Amino acid sequence: MEFKLLGTFEACHGGQRVAVGSRRQERCLLSVLLLHPGRTVTTSRLVDLLWDGAAPASARGTVHTYVGRLRAGLRPYGLRIETRHDGYAVDPGAAGVSVDAQEFVSLARQAAAHGDPAERADLYDRALGLWRGPLLADVAGDRLRDRLGVELADLRLSCLEQQAEDRLAMGLHGRVVEDLARPAAEHPERERLVGCLMTALYRGGRKADAIRLYRSTRRALVEEFGIEPGAGLSTLHDRVLRGDPRLEQPDGREGREGPDGPTAPVHAVRVRGEWLPWTTGGHPALELCNTYAGWGGPRRPGSEWLRGYSTLAVWAGHMDLLEEQDVTRLVELARRRPGEAAAALEEARAFRADLYACLTGPDDVSAFEAVAAVAAQAAGVSVFVRGENGLGRWRFSPAAGLRLPTLAVARSAAELLADPRRFTVRRCPGEDCGWLFLDRSGQRRWCGPGTCGSGGDLCGFGRAPVPVGAGK
């Protein structure tokens, strides 16, 4: 038997609609039990939900009557409503019953655990497609719906956000605009959702619409919640205003023309004329390590992302380690001093190898000391200044020269090594990958879409994670 709760209430058997419950409150009572499969819902809880705190004296007796009628109507289909202590419970599994709300949660969890962005987007499509309207649209009012389905509604929005981010990474900004236009307007407090839509609009050549969306969202946040947009949305707005190249997206096709011919990797983003790997690590120190694909395995053509100094400088800016004017200055300086730039690039690669060894081998003292030495040098050329917003911040002195990107990421790496998050670093088990990522949930099994060699293969999907310190 199949029950649909994500929209109007429906019950089906063998593909045919079944009339269950002659009264709205009876169907609502059954829905409450189905939303709590296998768990006891007390009679007092049912009374409170059905009458919203204004129950008549006969309410408990009425609940018993409703349960009796539902039992009689469901008995031919093998579904039982059990009496447990001072309440009732339904065990859908015992009768082969399916409930769309449970299926939605299951698909959402499968999607969250999947490594392939295309497959993940399809799973989110299936999950979100189960929603035909508001939860229990015809048997519950807004207040009851909020009490019963706030977690489901929140999960639905989270699915929309993650699906939108995956589609943006694949270059499908048109789909994102179609999917998020209404949800973003209805939920200005979901800044991640709004940010995805702003990015999609910008990439679709609708910069003015992206700016208008930010302004309407800010107005709603101030008027309805008394707060300003968060730092992430504000930063995105600034980047849209100035046409920041970091908002560019990969086109998601194989055989793209790159700086060295048609071997440009599939899972990449184009920034200031440079191909950079997708960000999957969750921290700049990890992203530096992820500029090499195939750690621990044989060196393959295309596994090195940092092909030139300009790529290193642009990457550091993309990670917000450097400001745009710093990137421009460094690229020009490298053009005028190619020998020094080549040496700085080799130092960055060597530091990257030491950092990778340090992060994957917590007991590797020599690797830690090598990273610490560069971090100490970074501290030696740092100055603490007052920013335009009145807050203090660290900046590097001109003495850093072309070493600036390496010193900047070294300082970031030192902060990670002093943070408990350091113990959540994991290594992707893909033979052609080895990328690092933060796993605070303890559930991620791979880094995400990686770039393993010139073929742009996906890495290690479906394999177990490799904890830091495990053998390569």
# chains A, B, ... in the order shown; residues from 1 in each chain; ligands from 1
$ residues_around --residues "Arg192 (chain A)" --least-positions-apart "4" --cutoff "12 Å" --atoms "only C-alpha atoms" --output "list in words"
Leu157, Ser158, Cys159, Leu160, Glu161, Gln162, Gln163, Ala164, Glu165, Leu180, Pro183, Ala184, His187, Pro188, Cys196, Leu197, Met198, Thr199, Tyr214, Thr217, Pro229, Gly230, Ala231, Gly232, Leu233, Ser234 and Leu236 of chain A
$ residues_around --residues "region 12-27 of chain A" --least-positions-apart "2" --cutoff "12 Å" --atoms "only C-alpha atoms" --output "ChimeraX atom specification"
/A:1-5,8-10,29-34,46-47,49-52,59,62-79,95-100,136-141,144
$ atom_distance --atom1 "CA of Ala57 (chain A)" --atom2 "CA of Arg39 (chain A)"
26.0 Å
$ closest_residue --among "A:Arg421, A:Arg190, A:Arg239, A:Arg203" --to "Arg175 (chain A)" --atoms "only C-alpha atoms"
A:Arg203
$ atom_distance --atom1 "CA of Tyr356 (chain A)" --atom2 "CA of Pro284 (chain A)"
12.5 Å
